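Raw entry-v4.txt, compact mmCIF, N, CA and C atoms:
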# COMPACT_ATOMS: atom_id res chain seq x y z
N LEU A 1 -20.20 -71.48 168.41
CA LEU A 1 -21.46 -70.99 168.94
C LEU A 1 -21.31 -69.60 169.54
N GLY A 2 -20.58 -68.75 168.86
CA GLY A 2 -20.52 -67.37 169.26
C GLY A 2 -19.34 -66.97 170.13
N LEU A 3 -18.43 -67.86 170.42
CA LEU A 3 -17.31 -67.53 171.30
C LEU A 3 -16.49 -66.37 170.76
N ALA A 4 -16.20 -66.36 169.46
CA ALA A 4 -15.41 -65.27 168.88
C ALA A 4 -16.16 -63.94 169.03
N GLY A 5 -17.47 -63.96 168.83
CA GLY A 5 -18.27 -62.74 168.98
C GLY A 5 -18.32 -62.27 170.42
N VAL A 6 -18.41 -63.21 171.35
CA VAL A 6 -18.40 -62.84 172.77
C VAL A 6 -17.08 -62.17 173.11
N ALA A 7 -15.97 -62.73 172.63
CA ALA A 7 -14.66 -62.13 172.89
C ALA A 7 -14.60 -60.72 172.30
N ALA A 8 -15.10 -60.54 171.09
CA ALA A 8 -15.11 -59.21 170.47
C ALA A 8 -15.99 -58.25 171.27
N GLY A 9 -17.13 -58.73 171.72
CA GLY A 9 -18.02 -57.90 172.52
C GLY A 9 -17.39 -57.50 173.85
N LEU A 10 -16.65 -58.39 174.46
CA LEU A 10 -15.97 -58.07 175.71
C LEU A 10 -14.88 -57.02 175.51
N CYS A 11 -14.40 -56.90 174.29
CA CYS A 11 -13.41 -55.87 173.96
C CYS A 11 -14.07 -54.56 173.55
N GLY A 12 -15.41 -54.50 173.60
CA GLY A 12 -16.13 -53.27 173.34
C GLY A 12 -16.74 -53.15 171.96
N SER A 13 -16.60 -54.17 171.13
CA SER A 13 -17.17 -54.11 169.77
C SER A 13 -18.67 -54.32 169.78
N SER A 14 -19.32 -53.73 168.82
CA SER A 14 -20.71 -54.05 168.52
C SER A 14 -20.68 -55.35 167.73
N VAL A 15 -21.53 -56.31 168.10
CA VAL A 15 -21.44 -57.65 167.52
C VAL A 15 -22.78 -58.07 166.92
N THR A 16 -22.72 -58.61 165.71
CA THR A 16 -23.86 -59.28 165.10
C THR A 16 -23.52 -60.76 165.02
N PHE A 17 -24.23 -61.57 165.79
CA PHE A 17 -24.07 -63.02 165.72
C PHE A 17 -24.96 -63.53 164.59
N ALA A 18 -24.41 -64.30 163.68
CA ALA A 18 -25.20 -64.79 162.55
C ALA A 18 -24.97 -66.28 162.35
N ASP A 19 -26.06 -66.98 162.10
CA ASP A 19 -25.99 -68.41 161.81
C ASP A 19 -27.25 -68.79 161.06
N TYR A 20 -27.19 -69.89 160.35
CA TYR A 20 -28.38 -70.37 159.64
C TYR A 20 -29.21 -71.30 160.51
N ALA A 21 -28.66 -71.73 161.65
CA ALA A 21 -29.35 -72.67 162.54
C ALA A 21 -29.86 -71.93 163.77
N PRO A 22 -31.15 -71.56 163.78
CA PRO A 22 -31.66 -70.77 164.90
C PRO A 22 -31.59 -71.49 166.25
N GLU A 23 -31.45 -72.82 166.25
CA GLU A 23 -31.33 -73.52 167.52
C GLU A 23 -30.05 -73.13 168.26
N CYS A 24 -29.10 -72.51 167.59
CA CYS A 24 -27.87 -72.03 168.23
C CYS A 24 -28.11 -70.75 169.02
N PHE A 25 -29.16 -70.03 168.68
CA PHE A 25 -29.34 -68.69 169.22
C PHE A 25 -29.61 -68.66 170.72
N ALA A 26 -30.27 -69.63 171.26
CA ALA A 26 -30.52 -69.63 172.71
C ALA A 26 -29.21 -69.69 173.48
N PHE A 27 -28.29 -70.52 173.01
CA PHE A 27 -26.98 -70.61 173.67
C PHE A 27 -26.22 -69.30 173.53
N VAL A 28 -26.19 -68.74 172.32
CA VAL A 28 -25.45 -67.49 172.08
C VAL A 28 -26.06 -66.36 172.92
N GLU A 29 -27.39 -66.28 172.94
CA GLU A 29 -28.04 -65.24 173.74
C GLU A 29 -27.71 -65.37 175.22
N ALA A 30 -27.76 -66.59 175.73
CA ALA A 30 -27.43 -66.81 177.14
C ALA A 30 -25.98 -66.42 177.42
N SER A 31 -25.09 -66.76 176.52
CA SER A 31 -23.68 -66.43 176.70
C SER A 31 -23.44 -64.92 176.64
N ALA A 32 -24.07 -64.26 175.68
CA ALA A 32 -23.92 -62.80 175.56
C ALA A 32 -24.44 -62.11 176.82
N ARG A 33 -25.58 -62.55 177.31
CA ARG A 33 -26.15 -61.93 178.53
C ARG A 33 -25.28 -62.24 179.75
N HIS A 34 -24.82 -63.48 179.85
CA HIS A 34 -23.98 -63.89 180.97
C HIS A 34 -22.72 -63.02 181.06
N HIS A 35 -22.14 -62.70 179.91
CA HIS A 35 -20.91 -61.92 179.88
C HIS A 35 -21.15 -60.41 179.85
N GLY A 36 -22.42 -60.01 179.89
CA GLY A 36 -22.75 -58.60 179.99
C GLY A 36 -22.49 -57.80 178.73
N LEU A 37 -22.59 -58.44 177.57
CA LEU A 37 -22.40 -57.68 176.32
C LEU A 37 -23.49 -56.63 176.21
N LYS A 38 -23.12 -55.46 175.73
CA LYS A 38 -24.05 -54.34 175.66
C LYS A 38 -24.66 -54.13 174.28
N ASN A 39 -23.88 -54.26 173.23
CA ASN A 39 -24.33 -53.88 171.90
C ASN A 39 -24.20 -55.08 170.96
N TRP A 40 -25.26 -55.89 170.92
CA TRP A 40 -25.21 -57.10 170.10
C TRP A 40 -26.60 -57.44 169.57
N GLN A 41 -26.61 -58.24 168.52
CA GLN A 41 -27.87 -58.72 167.94
C GLN A 41 -27.66 -60.10 167.35
N LEU A 42 -28.76 -60.81 167.16
CA LEU A 42 -28.77 -62.12 166.52
C LEU A 42 -29.43 -62.00 165.15
N ARG A 43 -28.87 -62.66 164.15
CA ARG A 43 -29.45 -62.66 162.80
C ARG A 43 -29.41 -64.07 162.23
N GLU A 44 -30.54 -64.54 161.75
CA GLU A 44 -30.57 -65.82 161.03
C GLU A 44 -30.18 -65.54 159.59
N VAL A 45 -29.08 -66.15 159.15
CA VAL A 45 -28.52 -65.88 157.83
C VAL A 45 -28.06 -67.18 157.19
N ASP A 46 -28.47 -67.42 155.97
CA ASP A 46 -27.94 -68.50 155.14
C ASP A 46 -27.03 -67.83 154.13
N PHE A 47 -25.72 -67.96 154.31
CA PHE A 47 -24.80 -67.20 153.46
C PHE A 47 -24.86 -67.61 151.99
N CYS A 48 -25.48 -68.73 151.70
CA CYS A 48 -25.65 -69.12 150.29
C CYS A 48 -26.74 -68.28 149.60
N HIS A 49 -27.64 -67.66 150.39
CA HIS A 49 -28.78 -66.96 149.80
C HIS A 49 -29.01 -65.55 150.33
N ASP A 50 -28.59 -65.28 151.55
CA ASP A 50 -28.93 -64.03 152.22
C ASP A 50 -27.75 -63.06 152.23
N ARG A 51 -28.08 -61.79 152.48
CA ARG A 51 -27.09 -60.76 152.72
C ARG A 51 -27.62 -59.90 153.86
N LEU A 52 -26.71 -59.43 154.69
CA LEU A 52 -27.07 -58.51 155.75
C LEU A 52 -27.10 -57.10 155.17
N PRO A 53 -27.85 -56.18 155.77
CA PRO A 53 -28.02 -54.84 155.19
C PRO A 53 -26.81 -53.92 155.34
N THR A 54 -25.75 -54.39 155.95
CA THR A 54 -24.58 -53.54 156.17
C THR A 54 -23.32 -54.34 155.93
N SER A 55 -22.20 -53.65 155.86
CA SER A 55 -20.90 -54.31 155.81
C SER A 55 -20.19 -54.05 157.13
N TYR A 56 -19.18 -54.84 157.41
CA TYR A 56 -18.53 -54.81 158.72
C TYR A 56 -17.03 -54.61 158.57
N ASP A 57 -16.45 -53.91 159.53
CA ASP A 57 -15.01 -53.71 159.55
C ASP A 57 -14.26 -55.00 159.85
N LEU A 58 -14.88 -55.86 160.65
CA LEU A 58 -14.26 -57.13 161.01
C LEU A 58 -15.33 -58.22 160.94
N VAL A 59 -15.03 -59.26 160.18
CA VAL A 59 -15.92 -60.42 160.09
C VAL A 59 -15.16 -61.61 160.65
N LEU A 60 -15.74 -62.24 161.67
CA LEU A 60 -15.15 -63.43 162.27
C LEU A 60 -15.92 -64.64 161.76
N ALA A 61 -15.23 -65.51 161.05
CA ALA A 61 -15.87 -66.69 160.46
C ALA A 61 -15.16 -67.92 161.01
N ALA A 62 -15.73 -68.48 162.06
CA ALA A 62 -15.09 -69.57 162.78
C ALA A 62 -15.59 -70.92 162.27
N ASP A 63 -14.72 -71.63 161.61
CA ASP A 63 -14.98 -73.01 161.15
C ASP A 63 -16.26 -73.11 160.33
N VAL A 64 -16.34 -72.32 159.27
CA VAL A 64 -17.51 -72.34 158.38
C VAL A 64 -17.21 -73.00 157.03
N VAL A 65 -15.99 -73.47 156.83
CA VAL A 65 -15.59 -74.08 155.57
C VAL A 65 -15.88 -75.58 155.68
N TYR A 66 -17.06 -75.99 155.16
CA TYR A 66 -17.47 -77.39 155.28
C TYR A 66 -17.74 -78.06 153.94
N GLU A 67 -18.65 -77.52 153.18
CA GLU A 67 -19.16 -78.17 151.98
C GLU A 67 -18.61 -77.50 150.73
N PRO A 68 -17.94 -78.24 149.85
CA PRO A 68 -17.36 -77.63 148.65
C PRO A 68 -18.36 -76.85 147.80
N GLU A 69 -19.61 -77.29 147.72
CA GLU A 69 -20.59 -76.56 146.91
C GLU A 69 -20.94 -75.19 147.51
N SER A 70 -20.59 -74.97 148.77
CA SER A 70 -20.88 -73.67 149.39
C SER A 70 -19.67 -72.75 149.42
N TYR A 71 -18.53 -73.18 148.92
CA TYR A 71 -17.32 -72.36 149.03
C TYR A 71 -17.45 -71.04 148.25
N ARG A 72 -17.94 -71.09 147.02
CA ARG A 72 -18.09 -69.85 146.26
C ARG A 72 -19.14 -68.94 146.92
N PRO A 73 -20.33 -69.45 147.29
CA PRO A 73 -21.29 -68.57 147.99
C PRO A 73 -20.73 -67.99 149.30
N LEU A 74 -19.95 -68.78 150.03
CA LEU A 74 -19.34 -68.28 151.26
C LEU A 74 -18.38 -67.13 150.94
N ALA A 75 -17.54 -67.31 149.92
CA ALA A 75 -16.60 -66.26 149.54
C ALA A 75 -17.36 -65.00 149.12
N GLU A 76 -18.42 -65.16 148.35
CA GLU A 76 -19.21 -64.01 147.90
C GLU A 76 -19.89 -63.31 149.09
N PHE A 77 -20.37 -64.10 150.05
CA PHE A 77 -20.98 -63.52 151.25
C PHE A 77 -19.94 -62.70 152.03
N LEU A 78 -18.76 -63.28 152.24
CA LEU A 78 -17.72 -62.57 152.98
C LEU A 78 -17.31 -61.30 152.25
N ASP A 79 -17.24 -61.36 150.92
CA ASP A 79 -16.92 -60.19 150.13
C ASP A 79 -17.98 -59.10 150.31
N ALA A 80 -19.25 -59.48 150.25
CA ALA A 80 -20.35 -58.52 150.38
C ALA A 80 -20.44 -57.92 151.77
N GLN A 81 -20.11 -58.68 152.80
CA GLN A 81 -20.32 -58.23 154.17
C GLN A 81 -19.10 -57.55 154.77
N THR A 82 -17.98 -57.56 154.08
CA THR A 82 -16.76 -56.96 154.61
C THR A 82 -16.58 -55.56 154.02
N ALA A 83 -16.40 -54.57 154.87
CA ALA A 83 -16.16 -53.20 154.43
C ALA A 83 -14.93 -53.16 153.53
N GLN A 84 -14.85 -52.15 152.68
CA GLN A 84 -13.76 -52.06 151.70
C GLN A 84 -12.39 -52.15 152.36
N ASP A 85 -12.23 -51.54 153.53
CA ASP A 85 -10.94 -51.61 154.22
C ASP A 85 -11.02 -52.56 155.43
N GLY A 86 -11.98 -53.49 155.38
CA GLY A 86 -12.19 -54.41 156.49
C GLY A 86 -11.32 -55.65 156.42
N THR A 87 -11.49 -56.49 157.42
CA THR A 87 -10.71 -57.72 157.58
C THR A 87 -11.65 -58.88 157.86
N VAL A 88 -11.32 -60.02 157.29
CA VAL A 88 -11.98 -61.28 157.63
C VAL A 88 -10.98 -62.13 158.38
N LEU A 89 -11.37 -62.62 159.54
CA LEU A 89 -10.58 -63.63 160.25
C LEU A 89 -11.35 -64.94 160.13
N LEU A 90 -10.78 -65.88 159.39
CA LEU A 90 -11.46 -67.13 159.08
C LEU A 90 -10.62 -68.28 159.61
N THR A 91 -11.25 -69.17 160.34
CA THR A 91 -10.54 -70.38 160.78
C THR A 91 -11.04 -71.56 159.98
N GLU A 92 -10.13 -72.48 159.73
CA GLU A 92 -10.50 -73.76 159.12
C GLU A 92 -9.53 -74.81 159.65
N THR A 93 -10.06 -75.99 159.80
CA THR A 93 -9.30 -77.04 160.46
C THR A 93 -8.93 -78.14 159.47
N LEU A 94 -7.87 -77.89 158.74
CA LEU A 94 -7.21 -78.91 157.93
C LEU A 94 -8.14 -79.64 156.97
N ARG A 95 -9.07 -78.95 156.38
CA ARG A 95 -9.88 -79.56 155.33
C ARG A 95 -9.06 -79.55 154.05
N ALA A 96 -8.92 -80.69 153.44
CA ALA A 96 -8.06 -80.82 152.27
C ALA A 96 -8.46 -79.87 151.15
N ASP A 97 -9.75 -79.58 151.04
CA ASP A 97 -10.22 -78.73 149.94
C ASP A 97 -10.50 -77.28 150.37
N ALA A 98 -10.09 -76.88 151.57
CA ALA A 98 -10.33 -75.51 152.02
C ALA A 98 -9.64 -74.51 151.11
N GLY A 99 -8.57 -74.92 150.46
CA GLY A 99 -7.88 -74.03 149.53
C GLY A 99 -8.78 -73.55 148.41
N LEU A 100 -9.81 -74.32 148.07
CA LEU A 100 -10.76 -73.89 147.04
C LEU A 100 -11.51 -72.64 147.49
N CYS A 101 -11.97 -72.64 148.72
CA CYS A 101 -12.68 -71.47 149.26
C CYS A 101 -11.73 -70.28 149.32
N LEU A 102 -10.52 -70.49 149.78
CA LEU A 102 -9.55 -69.41 149.85
C LEU A 102 -9.20 -68.90 148.46
N GLY A 103 -9.18 -69.79 147.48
CA GLY A 103 -8.95 -69.39 146.10
C GLY A 103 -10.05 -68.46 145.60
N HIS A 104 -11.29 -68.76 145.94
CA HIS A 104 -12.41 -67.88 145.55
C HIS A 104 -12.24 -66.50 146.19
N LEU A 105 -11.80 -66.47 147.44
CA LEU A 105 -11.57 -65.18 148.11
C LEU A 105 -10.45 -64.40 147.43
N ARG A 106 -9.40 -65.10 147.01
CA ARG A 106 -8.32 -64.41 146.28
C ARG A 106 -8.83 -63.86 144.95
N GLU A 107 -9.68 -64.62 144.27
CA GLU A 107 -10.28 -64.14 143.01
C GLU A 107 -11.07 -62.85 143.23
N LEU A 108 -11.66 -62.71 144.41
CA LEU A 108 -12.46 -61.53 144.73
C LEU A 108 -11.60 -60.37 145.23
N GLY A 109 -10.29 -60.57 145.28
CA GLY A 109 -9.39 -59.48 145.65
C GLY A 109 -8.83 -59.51 147.05
N PHE A 110 -9.01 -60.61 147.75
CA PHE A 110 -8.47 -60.71 149.11
C PHE A 110 -7.05 -61.28 149.09
N VAL A 111 -6.24 -60.81 150.01
CA VAL A 111 -4.91 -61.35 150.24
C VAL A 111 -4.97 -62.10 151.56
N ASP A 112 -4.41 -63.31 151.58
CA ASP A 112 -4.49 -64.19 152.74
C ASP A 112 -3.15 -64.21 153.47
N GLN A 113 -3.21 -64.00 154.78
CA GLN A 113 -2.05 -64.17 155.63
C GLN A 113 -2.39 -65.27 156.64
N PRO A 114 -2.08 -66.53 156.29
CA PRO A 114 -2.43 -67.63 157.20
C PRO A 114 -1.40 -67.81 158.31
N SER A 115 -1.87 -68.31 159.44
CA SER A 115 -0.96 -68.69 160.52
C SER A 115 -1.52 -69.93 161.20
N ALA A 116 -0.62 -70.83 161.54
CA ALA A 116 -1.02 -72.05 162.25
C ALA A 116 -1.27 -71.72 163.72
N GLN A 117 -2.36 -72.24 164.23
CA GLN A 117 -2.70 -72.07 165.64
C GLN A 117 -2.90 -73.46 166.23
N TRP A 118 -2.42 -73.66 167.44
CA TRP A 118 -2.56 -74.95 168.10
C TRP A 118 -3.60 -74.84 169.19
N VAL A 119 -4.55 -75.77 169.18
CA VAL A 119 -5.63 -75.79 170.16
C VAL A 119 -5.73 -77.18 170.77
N LEU A 120 -6.26 -77.24 171.98
CA LEU A 120 -6.50 -78.54 172.61
C LEU A 120 -7.87 -79.05 172.20
N GLU A 121 -7.91 -80.26 171.70
CA GLU A 121 -9.17 -80.90 171.33
C GLU A 121 -9.12 -82.34 171.78
N ASP A 122 -10.04 -82.70 172.67
CA ASP A 122 -10.06 -84.04 173.25
C ASP A 122 -8.71 -84.42 173.86
N GLY A 123 -8.09 -83.45 174.53
CA GLY A 123 -6.83 -83.70 175.21
C GLY A 123 -5.60 -83.74 174.31
N ARG A 124 -5.78 -83.50 173.02
CA ARG A 124 -4.66 -83.52 172.08
C ARG A 124 -4.46 -82.12 171.50
N ARG A 125 -3.22 -81.81 171.17
CA ARG A 125 -2.94 -80.56 170.47
C ARG A 125 -3.24 -80.77 169.00
N GLU A 126 -4.11 -79.93 168.46
CA GLU A 126 -4.49 -80.01 167.05
C GLU A 126 -4.18 -78.67 166.39
N ARG A 127 -3.72 -78.75 165.15
CA ARG A 127 -3.44 -77.52 164.41
C ARG A 127 -4.68 -77.09 163.66
N THR A 128 -4.96 -75.80 163.74
CA THR A 128 -6.00 -75.19 162.93
C THR A 128 -5.36 -73.98 162.26
N TRP A 129 -6.01 -73.46 161.25
CA TRP A 129 -5.46 -72.33 160.52
C TRP A 129 -6.31 -71.09 160.73
N LEU A 130 -5.64 -70.00 161.01
CA LEU A 130 -6.28 -68.70 161.08
C LEU A 130 -5.85 -67.93 159.83
N HIS A 131 -6.82 -67.52 159.03
CA HIS A 131 -6.56 -66.76 157.81
C HIS A 131 -6.99 -65.33 158.03
N GLU A 132 -6.03 -64.40 157.93
CA GLU A 132 -6.34 -62.98 158.00
C GLU A 132 -6.44 -62.51 156.54
N LEU A 133 -7.64 -62.13 156.16
CA LEU A 133 -7.92 -61.78 154.77
C LEU A 133 -8.25 -60.30 154.66
N ARG A 134 -7.51 -59.61 153.79
CA ARG A 134 -7.74 -58.19 153.53
C ARG A 134 -7.74 -57.99 152.01
N ARG A 135 -8.41 -56.95 151.58
CA ARG A 135 -8.44 -56.65 150.14
C ARG A 135 -7.08 -56.08 149.70
N ARG A 136 -6.75 -56.33 148.44
CA ARG A 136 -5.51 -55.78 147.88
C ARG A 136 -5.56 -54.27 147.90
The structure in this file should be written as C-alpha cells.
Amino acid sequence: LGLAGVAAGLCGSSVTFADYAPECFAFVEASARHHGLKNWQLREVDFCHDRLPTSYDLVLAADVVYEPESYRPLAEFLDAQTAQDGTVLLTETLRADAGLCLGHLRELGFVDQPSAQWVLEDGRRERTWLHELRRR
C-alpha cells in the first residue's frame, strides 16, 4: 500500500503511486501526507490495459506477481514504463510460477539479479525475493 513509494519519497524522489484498486488511495494519500512527501501523485492504473504517459528511472513493483494470465501484460507494462537505462525492483514471495513472469521480462531484454530477503511475517522469518531488473 505504498510503503516502497513513501520510502523513495523520503529519500527525495518524485513518486507516482499506481494501483488498479482506488480504495487503496486513501491510505496511500494519508501516509504520504503524514510523512511530508512533497512531490507525489496517485494514478489509477490497470497494467493489463493502461499505460502511463511517461517512463521512469526506477519502478518499484512490490508483490504484484499474482495471476499467471497477467504475467505477460505485467512484463509489457514494466517494459513500457521503465526508462531505457532504468531499473525495476520487483518483489515476489515464493510463487512457484513467478519464473514465468521473469521469463517474459528476460524476453523483453531485462537481466535479473535476484537476492533473497528475509522479512518478519506473523512472527516468523519468511524469505521473499527482490529482483533487480535492468536492460541488457
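The gap separating atom C of A:Cys11 from atom CA of A:Ala75 is 26.8 Å, in Å to one decimal.
In this comparison, which uses all atoms listed in the file, the residue of A:Ala21, A:Leu3, A:Leu108, A:Ser14 approaching A:Val45 most closely is A:Ala21.
One finds atom CA of A:Val65 at 9.8 Å from atom CA of A:Leu100.
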- Message: What's the separation between atom CA of A:Gln84 and atom CA of A:Arg135, in Å to one decimal place?
- Response: 7.2 Å
Per-residue nearest contacts of stretch 26-93 of chain A to stretch 126-134 of chain A (5 Å; all atoms listed in the file) as JSON lines:
{"residue": "A:Thr87", "atom": "CA", "partner": "A:Leu133", "partner_atom": "C", "distance": 4.6}
{"residue": "A:Val88", "atom": "C", "partner": "A:Leu133", "partner_atom": "N", "distance": 4.0}
{"residue": "A:Leu89", "atom": "CA", "partner": "A:His131", "partner_atom": "C", "distance": 4.6}
{"residue": "A:Leu90", "atom": "C", "partner": "A:His131", "partner_atom": "N", "distance": 3.9}
{"residue": "A:Thr91", "atom": "CA", "partner": "A:Trp129", "partner_atom": "C", "distance": 4.3}
{"residue": "A:Glu92", "atom": "C", "partner": "A:Trp129", "partner_atom": "N", "distance": 4.1}
{"residue": "A:Thr93", "atom": "CA", "partner": "A:Thr128", "partner_atom": "CA", "distance": 4.5}
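The shell of residues at most 8 Å from A:Asp46, with all atoms listed in the file counted and near chain neighbours (fewer than 2 positions) removed, consists of Ala18, Asp19, Tyr20, Ala21, Arg43, Glu44, Cys48, His49, Asp50, Arg51, Pro73 and Phe77 of chain A.
Distances here use only N, CA and C atoms; by that measure, the residue among A:Arg136, A:Ala32, A:Val6, A:Ala98 closest to A:Phe110 is A:Arg136.
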- Task: Quick one: pick out all strand (DSSP E or B) residues within stretch 14-120 of chain A from a backbone DSSP run and write them as a ChimeraX atom specification.
- Result: /A:15-19,40-44,56-62,82-92,110-120
- What residues in chain A get the DSSP label alpha helix (DSSP H)? Please answer as a PyMOL selection string. chain A and resi 3-10+25-34+71-81+98-107
- Nearest candidate to A:Glu76 (options A:Ala62, A:Trp40, A:Thr16, A:Phe47; using all atoms listed in the file): A:Phe47
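Considering all atoms listed in the file, the residue among A:Gly12, A:Gly123, A:Asp63, A:Gly2 positioned nearest to A:Ser31 is A:Gly2.
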